[in-house]
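**Student:** The structure that follows is given in the form of structure tokens.
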Amino acid sequence: MSGHALLSASGAHKWLHCSPSACLEQTYADRESEAAAEGTAAHALAEYKLKTALNQQAERPKSQYETDEMNVCTENYVEFVLESIAQARLLCRDPIVLIEQHLDFSCYVPDGFGTGDAMIVGDGVLHIIDFKYGRGVLVDAAENPQMMLYALGALQQFGNLYDMNQASMTIFQPRRENVSTWSIPISELLSWADSILKPRAGLAYDGRGDFCPGDWCTFCKAAVKCRARGESKLSLAKYEFALPPLLTDEEIEDILLRVDDLNRWANDIIGYATDAAVNHGKTWRGFKLVESRSMRRFLDEEAVAKTAQAAGYRDIYRQSMIPLTDMERLMGKEQFGAILGRFVIKLPGKPTLVPSSDKRQPINVSNTHQEFKEDIEHG
């Protein structure tokens with residue numbers, strides 16, 4: 001068995017919607033980004049801390065990516081898992097707690113397997129907890145196919161040991177202050193696996209089906225050269241880049257729904273073209289490589305300070321307090337609240353237009369205008 005599944009659980013959102021993408025991606029080399037390497041380090045640290053908390057043998061990993069923030073995030077994750085275990089024990093005296101558990105769901109997905117960060121298996125409810133260290137994309141547990149695949153794998157392996165009727169899936173994403181939990185009856189999960197997952201996985205494994213661009217393109221290795229995605233974005237050209245007053249409300253709504261991904265696609269194209277020029281000698285007609293604006297900096301700040309002070313300059317330092325989030329991390333949430341909580345205010349955020357599917361509550365525009373007016377008058 002290889003270390004990487006063609007139809008991975010983490011890529012399920014992608015290949016379930018765009019079935020040929022999984023096979024197409026195999027033609028592109030894997031490149032681990034800094035964010036991915038950082039995430040791997042965070043997972044290793046979280047695994048170590050959770051095993052230690054459960055009195056399991058573990059060796060502390062060493063990583064250049066470990067920071068105070070990573071330590072705080074992983075400790076919060078461990079605390080959440082321990083609380084979930086305590087809740088599970090109210091329904092089941094002897095639940096099984098599994099950390100970084102290999103899960104096989106190949107009865108639904110050809111050669112399908114993955115690794116669950118934390119699982120609590122017991123009577124009543126199957127708990128699946130996934131640690132997400134990334135801050136870029138907010139991850140929702142609702143109908144999350146990666147989590148549903150993990151649940152199916154857990155049922156295959158442990159379904160006969162306990163009487164489970166519900167699967168609870170949680171995304172723990174501390175850098176986005178996001179803890180998202182979603183539950184589904186086991187019967188509905190199995191129905192989804194048979195009627196939707198299995199046939200689509202079969203198409204994806206064979207590289208069949210139609211290319212279907214969408215938000216799942218974000219993490220596709222082939223996205224930058226995908227013709228279907230390009231045609232979808234370029235279809236906006238039908239509006240001939242008219243200014244808003246010349247567009248109908250329906251046309252503006254259509255553009256709003258697609259403009260974020262259009263920007264991502266354009267940036268992907270720029271990134272791909274730049275990499276090809278810099279690292280592979282590719283020349284693009286009408287473009288050239290130039291040196292971007294550089295920033296000056298001191299080579300040796302300690303030597304600079306000594307030299308400037310020797311020359312009679314004393315006022316060369318500026319002191320500023322560390323940011324609020326760093327202060328909270330320094331003290332810990334409870335101590336921070338007790339000591340400085342009365343000094344903290346949260347100003348209203350700037351009004352932002354988002355899709356209706358966004359979880360945030362809509363705001364009253366007239367109230368918002370008044371709040372911002374008061375901030376300006378008193379600020």
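Residues in the structure tokens are numbered from 1 in each chain, the chains being A, B, ... in the order shown, and ligands are numbered from 1 in the order shown.
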If we count only C-alpha atoms and set the cut-off at 12 Å, which residues sit around A:Val290, ignoring sequence neighbours fewer than 6 positions away in its own chain? Please answer as a ChimeraX atom specification.

**Tutor:** /A:274,277-278

**Student:** If we count only C-alpha atoms, what is near A:Cys220 at a cut-off of 8 Å, once residues fewer than 6 positions away on the same chain are taken out, given as a ChimeraX atom specification?

**Tutor:** /A:14,21,25

**Student:** To one decimal place, how far is atom CA of A:Ile184 from atom CA of A:Gln166 in Å?

**Tutor:** 5.8 Å

**Student:** Per residue of stretch 107-174 of chain A within 10 Å of stretch 190-200 of chain A, note the shortest atom pair and the distance in Å to one decimal, counting only C-alpha atoms, and order the rows by chain and increasing residue number, as a Markdown table.

**Tutor:**
```
| residue | atom | partner | partner_atom | distance |
| --- | --- | --- | --- | --- |
| A:Cys107 | CA | A:Lys198 | CA | 8.4 |
| A:Tyr108 | CA | A:Lys198 | CA | 4.9 |
| A:Val109 | CA | A:Lys198 | CA | 6.1 |
| A:Pro110 | CA | A:Lys198 | CA | 8.7 |
| A:Pro145 | CA | A:Leu197 | CA | 9.0 |
| A:Met148 | CA | A:Ala193 | CA | 8.8 |
| A:Leu149 | CA | A:Ala193 | CA | 8.6 |
| A:Ala151 | CA | A:Leu190 | CA | 9.9 |
| A:Leu152 | CA | A:Leu190 | CA | 7.7 |
| A:Leu155 | CA | A:Leu190 | CA | 9.7 |
```

**Student:** I need the residues from that last selection saved to file as an mmCIF file, in the first residue's frame (with C-alpha atoms), if you can.

**Tutor:**
```cif
data_model
loop_
_atom_site.group_PDB
_atom_site.id
_atom_site.type_symbol
_atom_site.label_atom_id
_atom_site.label_comp_id
_atom_site.auth_asym_id
_atom_site.auth_seq_id
_atom_site.Cartn_x
_atom_site.Cartn_y
_atom_site.Cartn_z
ATOM 1 C CA CYS A 107 -15.391 -0.749 0.491
ATOM 2 C CA TYR A 108 -16.788 2.582 -0.765
ATOM 3 C CA VAL A 109 -13.729 4.276 -2.297
ATOM 4 C CA PRO A 110 -11.238 2.199 -4.332
ATOM 5 C CA PRO A 145 -16.823 14.615 3.027
ATOM 6 C CA MET A 148 -17.736 11.524 6.631
ATOM 7 C CA LEU A 149 -15.094 9.243 5.097
ATOM 8 C CA ALA A 151 -16.585 8.119 10.110
ATOM 9 C CA LEU A 152 -17.189 5.383 7.536
ATOM 10 C CA LEU A 155 -17.577 2.180 11.437
#
```

**Student:** Give the alpha helix (DSSP H) residues of stretch 40-288 of chain A, as DSSP finds them on the backbone, and put them as a PyMOL selection string.

**Tutor:** chain A and resi 40-53+68-91+145-158+186-192+198-206+227-234+249-280

**Student:** Pull the strand (DSSP E) assignments for stretch 39-229 of chain A out of DSSP run on the backbone, and list those residues as a PyMOL selection string.

**Tutor:** chain A and resi 96-104+113-121+124-131+164-173+178-185

**Student:** Determine the nearest neighbour of A:Phe131 from the options A:Gly271, A:Gly39, A:Gly209, A:Gly153, counting only C-alpha atoms.

**Tutor:**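 The closest residue to A:Phe131 is A:Gly39.
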
**Student:** Could you check how far atom CA of A:Glu302 sits from atom CA of A:Tyr65, in Å to one decimal?

**Tutor:**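 Rounded to one decimal, the two atoms are 25.9 Å apart.
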